[in-house]
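Q: Input structure: entry-v1.tsv, which contains TSV, C-alpha atoms.
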chain	number	residue	atom	x	y	z
A	259	MET	CA	10.74	25.24	1.77
A	260	PRO	CA	11.81	21.76	0.57
A	261	ILE	CA	13.26	19.24	2.97
A	262	ALA	CA	16.88	20.18	3.62
A	263	ASP	CA	18.51	16.77	3.15
A	264	PRO	CA	16.26	14.08	1.64
A	265	ALA	CA	19.18	11.66	1.27
A	266	ALA	CA	19.89	11.81	5.01
A	267	ALA	CA	16.22	11.31	5.81
A	268	ALA	CA	16.13	8.30	3.48
A	269	THR	CA	19.19	6.84	5.19
A	270	ALA	CA	17.46	7.19	8.57
A	271	LEU	CA	14.45	5.28	7.26
A	272	TYR	CA	16.67	2.67	5.61
A	273	GLU	CA	18.41	1.99	8.92
A	274	ALA	CA	15.08	1.91	10.74
A	275	ARG	CA	13.86	-0.78	8.34
A	276	ARG	CA	17.02	-2.86	8.85
A	277	ALA	CA	17.11	-2.54	12.63
A	278	GLY	CA	13.38	-2.71	13.25
A	279	ARG	CA	13.56	0.43	15.37
A	280	PRO	CA	11.34	3.41	14.53
A	281	ILE	CA	12.51	6.99	14.24
A	282	GLU	CA	10.82	10.24	15.21
A	283	PRO	CA	8.58	11.94	12.62
A	284	PHE	CA	10.35	14.29	10.24
A	285	THR	CA	7.42	16.67	10.69
A	286	ASP	CA	8.21	17.04	14.39
A	287	ALA	CA	11.32	18.98	13.45
A	288	ASP	CA	9.66	20.74	10.49
A	289	PRO	CA	5.83	20.82	10.47
A	290	SER	CA	5.86	22.60	7.10
A	291	LEU	CA	6.98	19.47	5.22
A	292	GLY	CA	4.49	18.24	2.65
A	293	MET	CA	3.88	15.63	-0.02
A	294	ALA	CA	6.68	16.79	-2.35
A	295	ASP	CA	9.19	16.51	0.50
A	296	GLY	CA	7.97	13.00	1.25
A	297	TYR	CA	8.43	11.87	-2.33
A	298	ALA	CA	11.91	13.38	-2.46
A	299	VAL	CA	12.86	11.15	0.48
A	300	GLN	CA	11.01	8.16	-0.98
A	301	GLN	CA	12.97	8.43	-4.22
A	302	HIS	CA	16.28	8.19	-2.37
A	303	LEU	CA	15.05	5.31	-0.20
A	304	VAL	CA	13.80	3.31	-3.19
A	305	ARG	CA	17.17	3.73	-4.89
A	306	MET	CA	18.92	2.38	-1.80
A	307	LEU	CA	16.65	-0.66	-1.67
A	308	LEU	CA	17.08	-1.36	-5.38
A	309	ASP	CA	20.84	-1.17	-4.93
A	310	ASP	CA	20.43	-3.94	-2.33
A	311	GLY	CA	18.83	-6.16	-4.99
A	312	GLU	CA	15.20	-5.39	-4.24
A	313	LYS	CA	12.72	-5.32	-7.13
A	314	ILE	CA	9.56	-3.28	-7.67
A	315	VAL	CA	6.66	-5.54	-8.72
A	316	GLY	CA	3.90	-2.95	-8.51
A	317	TYR	CA	2.59	-0.09	-6.42
A	318	LYS	CA	0.32	0.46	-3.46
A	319	VAL	CA	-2.01	3.41	-3.30
A	320	GLY	CA	-3.03	4.79	0.07
A	321	LEU	CA	-5.40	7.46	1.34
A	322	THR	CA	-8.05	6.40	-1.18
A	323	SER	CA	-10.98	6.72	1.22
A	324	ARG	CA	-12.44	10.08	2.19
A	325	PRO	CA	-12.19	9.44	5.97
A	326	MET	CA	-8.45	8.68	5.65
A	327	GLN	CA	-7.89	11.78	3.51
A	328	GLN	CA	-9.72	13.92	6.05
A	329	MET	CA	-7.67	12.41	8.88
A	330	VAL	CA	-4.38	13.36	7.22
A	331	GLY	CA	-5.73	16.61	5.82
A	332	VAL	CA	-5.38	15.94	2.08
A	333	ASP	CA	-7.68	15.54	-0.90
A	334	SER	CA	-5.52	13.14	-2.90
A	335	PRO	CA	-4.09	9.63	-2.48
A	336	ASP	CA	-0.42	8.78	-2.09
A	337	TYR	CA	1.61	5.87	-3.42
A	338	GLY	CA	4.64	3.71	-2.76
A	339	PRO	CA	6.26	0.66	-4.35
A	340	VAL	CA	5.31	-2.95	-3.78
A	341	LEU	CA	8.61	-4.75	-3.26
A	342	ALA	CA	9.13	-8.33	-4.43
A	343	SER	CA	10.38	-9.49	-1.04
A	344	THR	CA	7.12	-8.39	0.61
A	345	VAL	CA	4.65	-10.38	-1.55
A	346	TYR	CA	3.09	-13.53	-0.06
A	347	ALA	CA	0.50	-16.05	-1.23
A	348	SER	CA	-2.81	-16.51	0.53
A	349	GLY	CA	-2.46	-18.78	3.53
A	350	ALA	CA	1.02	-17.54	4.34
A	351	GLU	CA	2.32	-17.31	7.89
A	352	LEU	CA	4.01	-13.97	8.52
A	353	PRO	CA	6.26	-13.54	11.57
A	354	LEU	CA	5.19	-10.56	13.64
A	355	ALA	CA	8.84	-9.82	14.41
A	356	ARG	CA	9.44	-8.73	10.80
A	357	PHE	CA	7.40	-5.60	11.46
A	358	ILE	CA	7.46	-2.71	13.90
A	359	ALA	CA	3.78	-1.82	14.38
A	360	PRO	CA	1.80	-3.72	11.75
A	361	ARG	CA	-1.82	-3.19	10.87
A	362	LEU	CA	-3.93	-5.10	8.37
A	363	GLU	CA	-6.13	-3.86	5.55
A	364	ALA	CA	-8.25	-5.87	3.10
A	365	GLU	CA	-8.01	-4.55	-0.46
A	366	ILE	CA	-8.71	-5.32	-4.09
A	367	VAL	CA	-5.53	-5.82	-6.12
A	368	PHE	CA	-5.35	-5.30	-9.88
A	369	VAL	CA	-2.95	-7.28	-12.06
A	370	LEU	CA	-1.93	-5.50	-15.24
A	371	GLY	CA	-1.80	-7.27	-18.55
A	372	GLY	CA	-0.72	-4.27	-20.60
A	373	ARG	CA	1.49	-1.23	-20.23
A	374	LEU	CA	-0.20	1.83	-18.76
A	375	ALA	CA	1.61	5.16	-19.06
A	376	GLY	CA	0.26	8.58	-18.16
A	377	PRO	CA	-0.63	11.31	-18.58
A	378	GLY	CA	-4.12	11.10	-20.00
A	379	VAL	CA	-4.97	7.60	-18.74
A	380	SER	CA	-8.74	7.18	-18.35
A	381	VAL	CA	-10.74	4.67	-16.35
A	382	ALA	CA	-11.50	2.91	-19.66
A	383	ASP	CA	-7.77	2.73	-20.41
A	384	ALA	CA	-7.14	1.23	-16.97
A	385	SER	CA	-9.85	-1.34	-17.58
A	386	ARG	CA	-8.37	-2.39	-20.93
A	387	ALA	CA	-4.89	-2.75	-19.42
A	388	THR	CA	-6.10	-4.94	-16.55
A	389	CYS	CA	-5.49	-8.67	-16.74
A	390	GLY	CA	-7.65	-9.37	-13.70
A	391	VAL	CA	-8.36	-8.60	-10.06
A	392	ALA	CA	-7.88	-10.60	-6.88
A	393	ALA	CA	-8.55	-10.62	-3.16
A	394	ALA	CA	-5.70	-9.22	-1.12
A	395	MET	CA	-4.58	-8.01	2.26
A	396	GLU	CA	-1.97	-5.36	2.90
A	397	ILE	CA	0.08	-5.19	6.07
A	398	ILE	CA	0.92	-1.56	6.61
A	399	ASP	CA	3.79	-0.76	8.93
A	400	SER	CA	5.45	2.42	10.09
A	401	ARG	CA	9.09	3.17	10.64
A	402	ILE	CA	7.82	6.35	12.32
A	403	ALA	CA	7.46	5.96	16.08
A	404	GLY	CA	3.94	5.38	17.38
A	405	TRP	CA	2.33	5.93	13.99
A	406	ARG	CA	2.65	9.66	14.67
A	407	ILE	CA	2.62	10.33	10.96
A	408	LYS	CA	1.71	13.32	8.89
A	409	LEU	CA	1.58	13.25	5.12
A	410	ALA	CA	5.29	13.84	4.51
A	411	ASP	CA	6.23	11.12	6.99
A	412	THR	CA	4.11	8.36	5.50
A	413	VAL	CA	5.00	9.26	1.90
A	414	ALA	CA	8.71	9.21	2.75
A	415	ASP	CA	8.23	5.83	4.44
A	416	LEU	CA	7.11	4.21	1.16
A	417	ALA	CA	3.48	5.00	2.00
A	418	SER	CA	3.86	2.89	5.17
A	419	ASN	CA	4.35	-0.34	3.23
A	420	GLY	CA	4.92	-3.63	5.01
A	421	ALA	CA	3.76	-6.65	3.02
A	422	VAL	CA	0.95	-7.88	0.79
A	423	VAL	CA	-0.86	-11.21	0.76
A	424	ILE	CA	-2.64	-12.09	-2.48
A	425	SER	CA	-5.03	-14.82	-3.54
A	426	SER	CA	-3.87	-17.10	-6.36
A	427	ARG	CA	-7.27	-16.72	-8.02
A	428	ILE	CA	-7.15	-13.93	-10.62
A	429	VAL	CA	-10.67	-13.02	-11.79
A	430	PRO	CA	-11.13	-11.44	-15.25
A	431	LEU	CA	-12.39	-7.88	-15.11
A	432	ALA	CA	-14.89	-8.30	-17.95
A	433	GLY	CA	-18.41	-7.98	-16.59
A	434	LEU	CA	-17.17	-7.19	-13.09
A	435	ASP	CA	-18.10	-3.90	-11.41
A	436	THR	CA	-15.35	-3.55	-8.81
A	437	ARG	CA	-17.27	-0.74	-7.07
A	438	LEU	CA	-19.84	-3.31	-5.95
A	439	ILE	CA	-17.49	-6.00	-4.65
A	440	GLY	CA	-18.36	-6.57	-1.01
A	441	MET	CA	-15.87	-7.75	1.62
A	442	VAL	CA	-16.18	-9.33	5.06
A	443	LEU	CA	-13.12	-9.37	7.32
A	444	THR	CA	-12.82	-11.83	10.22
A	445	ARG	CA	-10.19	-12.61	12.84
A	446	GLY	CA	-10.34	-16.09	14.30
A	447	GLY	CA	-13.79	-16.45	12.79
A	448	GLN	CA	-15.11	-13.31	14.49
A	449	LEU	CA	-16.42	-10.45	12.39
A	450	LEU	CA	-14.16	-7.40	12.39
A	451	ASP	CA	-15.43	-5.20	9.59
A	452	THR	CA	-17.08	-5.04	6.19
A	453	GLY	CA	-16.44	-2.92	3.12
A	454	ALA	CA	-17.00	-2.49	-0.58
A	455	GLY	CA	-14.87	-1.57	-3.57
A	456	ALA	CA	-16.45	1.86	-3.84
A	457	ALA	CA	-14.57	2.88	-0.67
A	458	ALA	CA	-11.47	3.30	-2.89
A	459	LEU	CA	-11.94	6.66	-4.66
A	460	GLY	CA	-15.51	5.63	-5.48
A	461	ASP	CA	-14.17	3.05	-7.95
A	462	PRO	CA	-10.95	0.99	-7.70
A	463	LEU	CA	-10.42	1.47	-11.44
A	464	ARG	CA	-10.10	5.20	-10.75
A	465	VAL	CA	-7.25	4.34	-8.40
A	466	VAL	CA	-5.39	2.55	-11.20
A	467	ALA	CA	-5.92	5.46	-13.59
A	468	TRP	CA	-4.84	7.98	-10.93
A	469	LEU	CA	-1.67	6.00	-10.23
A	470	ALA	CA	-0.75	5.71	-13.91
A	471	ASN	CA	-1.20	9.44	-14.42
A	472	THR	CA	0.70	10.36	-11.27
A	473	LEU	CA	3.61	8.05	-12.09
A	474	GLY	CA	3.56	9.38	-15.64
A	475	GLU	CA	4.43	12.84	-14.31
A	476	HIS	CA	7.76	11.30	-13.25
A	477	GLY	CA	8.35	9.30	-16.42
A	478	ILE	CA	7.32	5.98	-14.83
A	479	ALA	CA	4.86	3.53	-16.38
A	480	LEU	CA	2.89	0.62	-15.00
A	481	GLU	CA	4.14	-2.50	-16.76
A	482	PRO	CA	2.52	-5.87	-17.61
A	483	GLY	CA	2.46	-8.04	-14.51
A	484	HIS	CA	2.55	-5.11	-12.11
A	485	LEU	CA	0.32	-5.30	-9.07
A	486	VAL	CA	-1.75	-2.29	-8.01
A	487	MET	CA	-3.05	-2.33	-4.45
A	488	THR	CA	-6.04	0.00	-4.57
A	489	GLY	CA	-6.50	0.96	-0.92
A	490	SER	CA	-8.21	-0.27	2.20
A	491	LEU	CA	-11.96	-0.95	2.25
A	492	HIS	CA	-12.15	-0.49	6.04
A	493	ALA	CA	-10.27	0.87	9.05
A	494	ALA	CA	-6.83	-0.70	9.58
A	495	VAL	CA	-6.70	-3.49	12.20
A	496	PRO	CA	-3.80	-4.16	14.62
A	497	MET	CA	-2.18	-7.60	14.43
A	498	ALA	CA	-0.91	-9.94	17.14
A	499	ALA	CA	0.91	-13.27	17.13
A	500	GLY	CA	-1.33	-16.30	16.74
A	501	GLU	CA	-4.15	-14.46	15.00
A	502	VAL	CA	-5.69	-15.72	11.76
A	503	PHE	CA	-7.30	-13.22	9.41
A	504	ARG	CA	-9.65	-14.00	6.54
A	505	ALA	CA	-11.12	-11.55	4.06
A	506	GLU	CA	-13.96	-12.94	1.95
A	507	PHE	CA	-14.65	-10.96	-1.22
A	508	ASP	CA	-17.76	-11.22	-3.36
A	509	ARG	CA	-16.85	-12.70	-6.77
A	510	LEU	CA	-13.14	-12.84	-5.86
A	511	GLY	CA	-13.17	-15.41	-3.04
A	512	PRO	CA	-11.10	-15.46	0.15
A	513	VAL	CA	-7.59	-14.49	1.16
A	514	THR	CA	-6.12	-15.64	4.49
A	515	LEU	CA	-3.15	-14.85	6.67
A	516	ARG	CA	-1.72	-16.32	9.86
A	517	VAL	CA	0.42	-14.20	12.17
A	518	ALA	CA	3.36	-16.07	13.69
A	519	GLY	CA	5.40	-14.99	16.68
A	520	GLY	CA	8.96	-15.82	15.60
A	521	GLN	CA	11.48	-14.44	13.16
What's the structure tokens form of this structure?
A:
Amino acid sequence: MPIADPAAAATALYEARRAGRPIEPFTDADPSLGMADGYAVQQHLVRMLLDDGEKIVGYKVGLTSRPMQQMVGVDSPDYGPVLASTVYASGAELPLARFIAPRLEAEIVFVLGGRLAGPGVSVADASRATCGVAAAMEIIDSRIAGWRIKLADTVADLASNGAVVISSRIVPLAGLDTRLIGMVLTRGGQLLDTGAGAAALGDPLRVVAWLANTLGEHGIALEPGHLVMTGSLHAAVPMAAGEVFRAEFDRLGPVTLRVAGGQ
């Protein structure tokens, strides 16, 4: 059965975003809800945000690693929009108070130079449409209390988007095997985790192709200039005020973020 009132669910999430107060999982009331229900809510929520003047500048793809898919019980990624108001340059200071329960992930971001419209988009097509790649961090956040999310909950909540921090250095894709890009994540100079591009569906370019084909089913295309966040290369890390994170990527260079305590 589809979710009874996706517009009402979207309104609840919209208010949770504005007030900074989480809501209970939709799947608590109806454990049968699935991915299609989540996207029905997401569609309404995106429309509300666009009506407020927000702008979509790309998309984030989540659940691209096998451990994360197994944890949620799926065999496919999910996606949500990257909103213009949530994009920051490397070195930015982000106030912790803007989020509810933020966690950090280091990712490879693709910048499109050409239009990419599914269905039928191949990895080679995704490569040709790519302007370049860059080092990035994503702050995931949940408007669902205590991160007690199931698939429908996180999809409805814009795939748990929060913010993205992106290096200004865009590296051409030619001659670059993004599967082999290594990453070292530190907090305050102390090693937290490592990862490699292959953690994202085995190849971050596959993520871009998957997204283009999935969006194409809904008549949406990836446009020139769009960002594509291709998924975490490691386990998400909690954030606290005063912390400084740095992700150093092979061939791409570093991206840094400072967590502030105020508004």
Q: Report as a list in words all protein, DNA and RNA residues lying within 9 Å of A:Glu282, evaluated on all atoms listed in the file, omitting residues in the same chain fewer than 3 positions from it.
A: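 The neighbour list is Thr285, Asp286, Ala287, Arg401, Ile402, Ala403, Gly404 and Arg406 of chain A.
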Q: Could you pull the residues within 9 Å of stretch 510-521 of chain A, counting all atoms listed in the file, minus those fewer than 4 positions along the same chain, as a ChimeraX atom specification?
A: /A:347-356,364,366,391-395,423-429,439,497-506
Q: Would you mind telling me which residue in A:Pro430, A:Gly453, A:Pro289, A:Pro339 lies nearest to A:Phe368 when using all atoms listed in the file?
A: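 Using all atoms listed in the file, the shortest distance to A:Phe368 belongs to A:Pro430.
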Q: Counting all atoms listed in the file, figure out which residue out of A:Val319, A:Leu491, A:Ala384, A:Val486 gets nearest to A:Arg437.
A: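 Answer, going by the shortest atom-to-atom distance: A:Leu491.
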Q: Show which residues sit within 12 Å of A:Ala494, as a PyMOL selection string. Count all atoms listed in the file, and ignore same-chain residues fewer than 4 positions away.
A: chain A and resi 320-321+323+326+359-365+395-399+443+450-453+489-490
Q: May I have the selected residues written with C-alpha atoms, as a short mmCIF file (atom, residue, chain, number, x, y, z; two decimals), in the frame of the given file?
A:
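Ended up saving to selection24.cif:
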data_model
loop_
_atom_site.label_atom_id
_atom_site.label_comp_id
_atom_site.auth_asym_id
_atom_site.auth_seq_id
_atom_site.Cartn_x
_atom_site.Cartn_y
_atom_site.Cartn_z
CA GLY A 320 -3.03 4.79 0.07
CA LEU A 321 -5.40 7.46 1.34
CA SER A 323 -10.98 6.72 1.22
CA MET A 326 -8.45 8.68 5.65
CA ALA A 359 3.78 -1.82 14.38
CA PRO A 360 1.80 -3.72 11.75
CA ARG A 361 -1.82 -3.19 10.87
CA LEU A 362 -3.93 -5.10 8.37
CA GLU A 363 -6.13 -3.86 5.55
CA ALA A 364 -8.25 -5.87 3.10
CA GLU A 365 -8.01 -4.55 -0.46
CA MET A 395 -4.58 -8.01 2.26
CA GLU A 396 -1.97 -5.36 2.90
CA ILE A 397 0.08 -5.19 6.07
CA ILE A 398 0.92 -1.56 6.61
CA ASP A 399 3.79 -0.76 8.93
CA LEU A 443 -13.12 -9.37 7.32
CA LEU A 450 -14.16 -7.40 12.39
CA ASP A 451 -15.43 -5.20 9.59
CA THR A 452 -17.08 -5.04 6.19
CA GLY A 453 -16.44 -2.92 3.12
CA GLY A 489 -6.50 0.96 -0.92
CA SER A 490 -8.21 -0.27 2.20
#
Q: So the first atom is atom CA of A:Gly371 and the second is atom CA of A:Ala479; what is the distance between them in Å, to one decimal place?
A: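 Value for the atom CA of A:Gly371-atom CA of A:Ala479 distance: 12.9 Å.
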Q: Calculate how many Å separate atom CA of A:Ala410 from atom CA of A:Thr488, rounding to one decimal.
A: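 About the pair atom CA of A:Ala410 and atom CA of A:Thr488: they are 20.1 Å apart.
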Q: Pick the closest to A:Asp295 from A:Gly278, A:Gly390, A:Gly433, A:Pro264: which is it, counting only C-alpha atoms?
A: A:Pro264
Q: Find the residue from A:Ala467, A:Leu409, A:Leu291, A:Leu370 that sits nearest to A:Asp383; use only C-alpha atoms when measuring.
A: A:Ala467
Q: Report, as lines of an AutoDock Vina configuration file, the centre and edge lengths in Å (one decimal) of the axis-aligned box enclosing every listed atom of stretch 449-454 of chain A, padded by 6 Å on each side.
A:
center_x = -15.6
center_y = -6.5
center_z = 5.9
size_x = 14.9
size_y = 20.0
size_z = 25.0
Q: Could you work out how far atom CA of A:Thr322 lies from atom CA of A:Arg464, giving the answer in Å with one decimal?
A: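 Going from atom CA of A:Arg464 over to atom CA of A:Thr322 covers 9.9 Å.
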Q: Show me, as a list of chain:residue names, the residues that have an atom within 12 Å of A:Met306 when counting all atoms listed in the file, minus same-chain residues fewer than 2 positions from it.
A: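 These residues fall inside the cut-off: A:Ala265, A:Ala266, A:Ala268, A:Thr269, A:Ala270, A:Leu271, A:Tyr272, A:Glu273, A:Arg275, A:Val299, A:Gln300, A:Gln301, A:His302, A:Leu303, A:Val304, A:Leu308, A:Asp309, A:Asp310, A:Gly311, A:Glu312, A:Lys313.
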Q: Name the closest residue to A:Ile358 among the candidates A:Ala458, A:Leu469, A:Ile281, A:Met487; distances are taken between atoms, counting all atoms listed in the file.
A: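 Residue with the minimum atom-to-atom distance to A:Ile358: A:Ile281.
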Q: Taking all atoms listed in the file into account, which of A:Ser334, A:Thr344, A:Thr388, A:Ser290 comes nearest A:Val315?
A: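 Looking only at the distances to A:Val315, the closest residue turns out to be A:Thr344.
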